[in-house]
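Structure data follow from start_9.txt (compact mmCIF, C-alpha atoms):
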# COMPACT_ATOMS: atom_id res chain seq x y z
CA MET A 1 0.00 0.00 0.00
CA SER A 2 1.42 3.38 -1.01
CA GLU A 3 1.12 6.31 1.35
CA ILE A 4 0.39 9.92 0.48
CA HIS A 5 0.94 12.39 3.32
CA LEU A 6 -1.10 15.58 3.53
CA ASN A 7 -0.52 18.67 5.73
CA ARG A 8 2.64 17.21 7.30
CA ARG A 9 4.99 20.07 6.33
CA GLY A 10 2.42 22.84 6.20
CA ILE A 11 -1.12 23.63 5.11
CA ASN A 12 -2.10 21.81 1.91
CA ALA A 13 1.36 20.20 1.70
CA ILE A 14 1.42 17.01 -0.37
CA GLU A 15 4.07 14.30 -0.14
CA VAL A 16 3.85 11.47 -2.68
CA PRO A 17 6.18 8.61 -3.56
CA ASP A 18 8.15 8.99 -6.79
CA VAL A 19 7.10 5.63 -8.24
CA VAL A 20 4.43 3.11 -7.31
CA GLU A 21 4.18 -0.38 -8.80
CA ALA A 22 1.07 -2.38 -9.65
CA THR A 23 0.37 -5.53 -11.63
CA ALA A 24 -2.28 -6.13 -14.24
CA GLY A 25 -5.48 -7.42 -12.66
CA SER A 26 -4.68 -6.07 -9.20
CA ASP A 27 -5.71 -3.02 -7.21
CA LEU A 28 -3.45 -0.08 -6.54
CA ALA A 29 -4.15 0.84 -2.92
CA LEU A 30 -3.42 4.39 -1.83
CA ARG A 31 -3.42 5.33 1.84
CA LEU A 32 -4.05 9.03 2.34
CA VAL A 33 -2.72 10.21 5.71
CA ASN A 34 -3.77 13.69 6.84
CA HIS A 35 -1.57 15.25 9.55
CA GLY A 36 -3.59 18.45 9.93
CA SER A 37 -7.03 19.94 9.38
CA PRO A 38 -9.51 18.02 7.20
CA LEU A 39 -9.25 18.93 3.54
CA HIS A 40 -10.58 18.19 0.08
CA ILE A 41 -8.17 16.76 -2.45
CA THR A 42 -8.47 15.67 -6.04
CA LEU A 43 -6.84 12.60 -7.54
CA ALA A 44 -6.60 12.82 -11.32
CA SER A 45 -4.92 11.02 -14.17
CA ALA A 46 -5.07 12.10 -17.79
CA ASN A 47 -3.07 9.20 -19.25
CA SER A 48 -4.43 6.14 -17.44
CA SER A 49 -7.21 4.97 -19.76
CA THR A 50 -5.29 1.95 -21.11
CA PHE A 51 -4.59 0.71 -17.58
CA THR A 52 -7.68 1.56 -15.52
CA GLY A 53 -11.12 3.12 -15.64
CA PHE A 54 -9.97 5.66 -13.03
CA PHE A 55 -9.84 9.23 -14.29
CA HIS A 56 -10.77 11.68 -11.54
CA GLU A 57 -11.91 11.56 -7.92
CA ASN A 58 -12.65 14.23 -5.32
CA LEU A 59 -12.04 13.10 -1.75
CA TYR A 60 -12.56 14.54 1.71
CA VAL A 61 -9.73 13.42 3.98
CA ASN A 62 -10.28 13.84 7.69
CA GLU A 63 -7.54 11.65 9.15
CA THR A 64 -6.82 8.55 7.09
CA GLU A 65 -8.56 7.35 3.96
CA GLU A 66 -7.90 4.50 1.58
CA PHE A 67 -8.52 4.82 -2.13
CA ILE A 68 -8.36 1.93 -4.58
CA ILE A 69 -7.48 2.25 -8.27
CA PRO A 70 -8.33 -1.03 -10.04
CA ILE A 71 -5.86 -2.06 -12.75
CA ARG A 72 -7.40 -3.88 -15.73
CA GLU A 73 -6.80 -7.59 -16.19
CA ASP A 74 -5.75 -7.06 -19.81
CA ALA A 75 -3.47 -4.07 -19.14
CA TYR A 76 -0.13 -4.18 -20.90
CA PRO A 77 3.04 -3.17 -19.06
CA GLY A 78 3.58 0.59 -19.01
CA THR A 79 3.22 3.72 -16.92
CA PHE A 80 0.72 6.42 -16.09
CA ASN A 81 0.75 9.42 -13.75
CA VAL A 82 -1.54 10.29 -10.87
CA GLU A 83 -1.76 13.89 -9.75
CA VAL A 84 -2.79 14.89 -6.21
CA ILE A 85 -4.27 18.39 -6.01
CA ALA A 86 -5.00 20.30 -2.78
CA GLY A 87 -5.88 23.87 -1.86
CA TYR A 88 -8.27 24.23 -4.81
CA GLY A 89 -5.39 23.84 -7.25
CA ALA A 90 -2.78 25.79 -5.27
CA ARG A 91 -0.69 22.70 -4.46
CA ARG A 92 0.00 19.79 -6.78
CA ALA A 93 2.14 16.68 -6.61
CA GLU A 94 2.44 13.85 -9.09
CA PHE A 95 3.69 10.29 -8.97
CA ARG A 96 4.22 7.63 -11.59
CA VAL A 97 2.49 4.25 -11.54
CA VAL A 98 4.42 1.44 -13.21
CA VAL A 99 2.15 -1.39 -14.33
CA ARG A 100 3.91 -4.72 -14.54
CA GLU A 101 2.72 -7.80 -16.36
CA ARG A 102 0.96 -10.33 -14.20
CA VAL A 103 3.16 -13.28 -13.34
CA LYS A 104 1.34 -16.31 -14.58
CA SER A 105 1.73 -19.20 -12.23
CA GLU A 106 1.36 -22.55 -13.83
CA PRO A 107 -0.96 -24.89 -11.99
CA GLU A 108 0.54 -28.12 -10.84
CA LEU A 109 -0.89 -31.08 -12.67
CA VAL A 110 -1.32 -34.07 -10.47
CA GLU A 111 -2.36 -36.97 -12.62
CA SER A 112 -3.82 -40.13 -11.34
CA PRO A 113 -3.39 -43.29 -13.43
CA SER A 114 -7.05 -43.14 -14.51
CA THR A 115 -6.78 -39.61 -15.94
CA ALA A 116 -3.32 -39.97 -17.47
CA ALA A 117 -4.62 -41.59 -20.63
CA VAL A 118 -7.36 -39.00 -21.08
CA THR A 119 -5.10 -35.93 -20.69
CA ALA A 120 -2.20 -37.35 -22.70
CA VAL A 121 -3.97 -36.94 -26.06
CA PRO A 122 -5.12 -33.37 -26.79
CA SER A 123 -8.26 -33.05 -28.82
CA ARG A 124 -7.62 -31.39 -32.17
CA TRP A 125 -10.01 -30.17 -34.78
CA ARG A 126 -9.69 -31.93 -38.12
CA PRO A 127 -11.26 -30.40 -41.20
CA SER A 128 -13.76 -32.57 -43.00
CA ILE A 129 -14.37 -33.25 -46.70
CA PRO A 130 -17.68 -31.28 -46.88
CA ILE A 131 -15.93 -28.16 -45.58
CA PHE A 132 -13.18 -28.50 -48.20
CA ALA A 133 -15.84 -29.08 -50.86
CA LEU A 134 -17.64 -25.87 -49.86
CA ILE A 135 -14.39 -23.88 -49.98
CA ALA A 136 -13.47 -25.33 -53.37
CA ALA A 137 -16.96 -24.60 -54.73
CA ALA A 138 -16.75 -21.02 -53.45
CA LEU A 139 -13.38 -20.50 -55.16
CA VAL A 140 -14.70 -21.86 -58.46
CA LEU A 141 -17.83 -19.70 -58.23
CA TYR A 142 -15.78 -16.57 -57.45
CA GLY A 143 -13.60 -17.37 -60.47
CA LEU A 144 -16.71 -17.65 -62.66
CA TRP A 145 -18.01 -14.38 -61.25
CA LEU A 146 -14.71 -12.63 -62.05
CA ALA A 147 -14.77 -14.03 -65.60
CA TYR A 148 -18.45 -13.49 -66.53
CA ARG A 149 -19.63 -10.83 -64.01
CA VAL A 150 -22.85 -12.71 -63.28
CA ASP A 151 -23.93 -11.63 -59.80
CA LEU A 152 -25.57 -14.98 -59.11
CA PHE A 153 -22.12 -16.63 -59.03
CA ASN A 154 -20.96 -14.08 -56.43
CA ALA A 155 -24.03 -14.64 -54.21
CA VAL A 156 -23.75 -18.44 -54.35
CA ALA A 157 -19.99 -18.27 -53.64
CA PHE A 158 -20.66 -16.11 -50.59
CA ALA A 159 -23.34 -18.52 -49.39
CA ALA A 160 -20.93 -21.46 -49.81
CA LEU A 161 -18.25 -19.71 -47.74
CA LEU A 162 -20.80 -18.80 -45.08
CA LEU A 163 -21.96 -22.42 -44.87
CA GLY A 164 -18.32 -23.53 -44.58
CA VAL A 165 -17.81 -21.18 -41.63
CA ILE A 166 -21.01 -22.37 -39.96
CA PHE A 167 -20.14 -26.05 -40.44
CA THR A 168 -16.62 -25.48 -39.10
CA TRP A 169 -18.02 -23.69 -36.04
CA LEU A 170 -20.55 -26.45 -35.39
CA GLN A 171 -17.87 -29.11 -35.78
CA GLN A 172 -15.61 -27.40 -33.24
CA ARG A 173 -18.42 -27.07 -30.71
CA SER A 174 -19.14 -30.78 -30.69
Let me see the file written as structure tokens.
Amino acid sequence: MSEIHLNRRGINAIEVPDVVEATAGSDLALRLVNHGSPLHITLASANSSTFTGFFHENLYVNETEEFIIPIREDAYPGTFNVEVIAGYGARRAEFRVVVRERVKSEPELVESPSTAAVTAVPSRWRPSIPIFALIAAALVLYGLWLAYRVDLFNAVAFAALLLGVIFTWLQQRS
């Protein structure tokens, strides 16, 4: 958890870390510690849209508050800045958030003798003859359409390709 100190060195003083790290799919937790009178602050980030849905937040900090910035699961490694504003814009401080790639832990596979034979052979999709026939027919029909410019050939070729896609999809689902 990263700490941001407010009012420690004077009224509306802001102390932020230089760099904060987060990983994709996690939450960036900020602990706001106020050492003086309660105050309103603004947290803002203009360049964070690829990492989080966070953009802007107004907060009232009496003593200690926690604020969470969720980092997207699909966020790529990179950086964005968060600005802390106090005193109605009179004081500003900014820190950088470095987003790291999530470390993917591989699950341990414990195989019993009964499941070893089942998991040893991965299931693979194998194209069938009707799908190849539909693709070949579509290619021939597109060739005829290019040669004679009869729109019926184009429509039938499109229908053949569409049927090939549908049959392939149905075959993979089963």
Just the residues within 7 Å of stretch 41-47 of chain A, please, counting only C-alpha atoms, with nothing from its chain fewer than 2 positions along; format it as a ChimeraX atom specification. /A:39,49,55-60,80-86
Those same residues, written as a PDB file, in the frame of the given file with C-alpha atoms?
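The result, stored in selection-v2.pdb:
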ATOM      1  CA  LEU A  39      -9.250  18.930   3.540  1.00  0.00           C
ATOM      2  CA  SER A  49      -7.210   4.970 -19.760  1.00  0.00           C
ATOM      3  CA  PHE A  55      -9.840   9.230 -14.290  1.00  0.00           C
ATOM      4  CA  HIS A  56     -10.770  11.680 -11.540  1.00  0.00           C
ATOM      5  CA  GLU A  57     -11.910  11.560  -7.920  1.00  0.00           C
ATOM      6  CA  ASN A  58     -12.650  14.230  -5.320  1.00  0.00           C
ATOM      7  CA  LEU A  59     -12.040  13.100  -1.750  1.00  0.00           C
ATOM      8  CA  TYR A  60     -12.560  14.540   1.710  1.00  0.00           C
ATOM      9  CA  PHE A  80       0.720   6.420 -16.090  1.00  0.00           C
ATOM     10  CA  ASN A  81       0.750   9.420 -13.750  1.00  0.00           C
ATOM     11  CA  VAL A  82      -1.540  10.290 -10.870  1.00  0.00           C
ATOM     12  CA  GLU A  83      -1.760  13.890  -9.750  1.00  0.00           C
ATOM     13  CA  VAL A  84      -2.790  14.890  -6.210  1.00  0.00           C
ATOM     14  CA  ILE A  85      -4.270  18.390  -6.010  1.00  0.00           C
ATOM     15  CA  ALA A  86      -5.000  20.300  -2.780  1.00  0.00           C
TER      16      ALA A  86
END
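For A:Ser37, the list of residues within 9 Å, based on all atoms listed in the file and with local chain neighbours fewer than 4 positions off taken out, reads Asn7, Ile11, Val61, Asn62 and Glu63 of chain A.
Closest approach to A:Thr50 among A:Arg92, A:Arg102, A:Arg72, A:His35: A:Arg72, based on all atoms listed in the file.
Neighbours of A:Asp27 closer than or equal to 8 Å, with all atoms listed in the file counted and sequence neighbours fewer than 3 positions away skipped, come out as Ala22, Thr23, Ile68, Ile69, Pro70 and Ile71 of chain A.
The gap separating atom CA of A:Asn12 from atom CA of A:Phe95 is 16.9 Å, in Å to one decimal.
Interatomic distance, atom CA of A:Asn34 to atom CA of A:Arg100: 29.2 Å.
The residue that comes closest to A:Val156, out of A:Ala138, A:His40, A:Arg96, A:Glu15 and on the basis of all atoms listed in the file, is A:Ala138.
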Within 7 Å of A:Leu134 using all atoms listed in the file, minus same-chain residues under 6 positions, as a PyMOL selection string: chain A and resi 160-161+164
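For the pair atom CA of A:Ile135 and atom CA of A:Val150, the interatomic distance is 19.3 Å.
Nearest to A:Ala159 of all the residues A:Ala147, A:Ser2, A:Leu139, A:Ser128 is A:Leu139, counting all atoms listed in the file.
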Find the residues around A:Glu3 up to 10 Å (only C-alpha atoms counted), leave out those fewer than 4 positions away in its own chain, and share them as a ChimeraX atom specification. /A:15-17,20,29-33,66
Since the input lacks some atoms of stretch 127-149 of chain A, please model N, CA, C and O atoms and print them as a short mmCIF file (atom, residue, chain, number, x, y, z; two decimals), in the coordinates of the input.
data_model
loop_
_atom_site.label_atom_id
_atom_site.label_comp_id
_atom_site.auth_asym_id
_atom_site.auth_seq_id
_atom_site.Cartn_x
_atom_site.Cartn_y
_atom_site.Cartn_z
N PRO A 127 -10.30 -30.82 -40.19
CA PRO A 127 -11.26 -30.40 -41.20
C PRO A 127 -11.85 -31.60 -41.92
O PRO A 127 -11.20 -32.62 -42.11
N SER A 128 -13.09 -31.46 -42.34
CA SER A 128 -13.76 -32.57 -43.00
C SER A 128 -13.90 -32.30 -44.50
O SER A 128 -13.73 -31.18 -44.99
N ILE A 129 -14.24 -33.33 -45.24
CA ILE A 129 -14.37 -33.25 -46.70
C ILE A 129 -15.48 -32.28 -47.11
O ILE A 129 -15.28 -31.49 -48.04
N PRO A 130 -16.66 -32.26 -46.45
CA PRO A 130 -17.68 -31.28 -46.88
C PRO A 130 -17.23 -29.83 -46.75
O PRO A 130 -17.58 -28.99 -47.58
N ILE A 131 -16.42 -29.54 -45.75
CA ILE A 131 -15.93 -28.16 -45.58
C ILE A 131 -14.98 -27.81 -46.72
O ILE A 131 -15.06 -26.73 -47.31
N PHE A 132 -14.08 -28.74 -47.06
CA PHE A 132 -13.18 -28.50 -48.20
C PHE A 132 -13.97 -28.37 -49.50
O PHE A 132 -13.62 -27.56 -50.36
N ALA A 133 -15.01 -29.16 -49.66
CA ALA A 133 -15.84 -29.08 -50.86
C ALA A 133 -16.52 -27.71 -50.96
O ALA A 133 -16.60 -27.13 -52.06
N LEU A 134 -17.01 -27.19 -49.84
CA LEU A 134 -17.64 -25.87 -49.86
C LEU A 134 -16.64 -24.77 -50.21
O LEU A 134 -16.94 -23.84 -50.97
N ILE A 135 -15.42 -24.87 -49.68
CA ILE A 135 -14.39 -23.88 -49.98
C ILE A 135 -14.00 -23.95 -51.45
O ILE A 135 -13.87 -22.92 -52.13
N ALA A 136 -13.83 -25.16 -51.96
CA ALA A 136 -13.47 -25.33 -53.37
C ALA A 136 -14.59 -24.80 -54.28
O ALA A 136 -14.32 -24.11 -55.27
N ALA A 137 -15.83 -25.09 -53.93
CA ALA A 137 -16.96 -24.60 -54.73
C ALA A 137 -17.01 -23.07 -54.70
O ALA A 137 -17.25 -22.42 -55.73
N ALA A 138 -16.74 -22.48 -53.55
CA ALA A 138 -16.75 -21.02 -53.45
C ALA A 138 -15.65 -20.41 -54.32
O ALA A 138 -15.89 -19.40 -55.00
N LEU A 139 -14.47 -21.02 -54.33
CA LEU A 139 -13.38 -20.50 -55.16
C LEU A 139 -13.72 -20.59 -56.65
O LEU A 139 -13.46 -19.66 -57.41
N VAL A 140 -14.30 -21.70 -57.06
CA VAL A 140 -14.70 -21.86 -58.46
C VAL A 140 -15.77 -20.84 -58.83
O VAL A 140 -15.71 -20.18 -59.88
N LEU A 141 -16.75 -20.66 -57.95
CA LEU A 141 -17.83 -19.70 -58.23
C LEU A 141 -17.31 -18.26 -58.26
O LEU A 141 -17.74 -17.45 -59.09
N TYR A 142 -16.37 -17.92 -57.39
CA TYR A 142 -15.78 -16.57 -57.45
C TYR A 142 -14.99 -16.39 -58.75
O TYR A 142 -14.99 -15.31 -59.34
N GLY A 143 -14.30 -17.44 -59.18
CA GLY A 143 -13.60 -17.37 -60.47
C GLY A 143 -14.57 -17.14 -61.62
O GLY A 143 -14.30 -16.33 -62.53
N LEU A 144 -15.69 -17.86 -61.62
CA LEU A 144 -16.71 -17.65 -62.66
C LEU A 144 -17.29 -16.24 -62.59
O LEU A 144 -17.54 -15.61 -63.62
N TRP A 145 -17.48 -15.74 -61.38
CA TRP A 145 -18.01 -14.38 -61.25
C TRP A 145 -17.02 -13.35 -61.81
O TRP A 145 -17.41 -12.41 -62.50
N LEU A 146 -15.71 -13.55 -61.52
CA LEU A 146 -14.71 -12.63 -62.05
C LEU A 146 -14.65 -12.68 -63.58
O LEU A 146 -14.44 -11.67 -64.24
N ALA A 147 -14.85 -13.88 -64.14
CA ALA A 147 -14.77 -14.03 -65.60
C ALA A 147 -16.02 -13.51 -66.31
O ALA A 147 -15.92 -12.84 -67.34
N TYR A 148 -17.21 -13.81 -65.81
CA TYR A 148 -18.45 -13.49 -66.53
C TYR A 148 -19.26 -12.36 -65.92
O TYR A 148 -20.22 -11.90 -66.52
N ARG A 149 -18.92 -11.91 -64.71
CA ARG A 149 -19.63 -10.83 -64.01
C ARG A 149 -21.13 -11.10 -63.86
O ARG A 149 -21.95 -10.20 -63.95
#
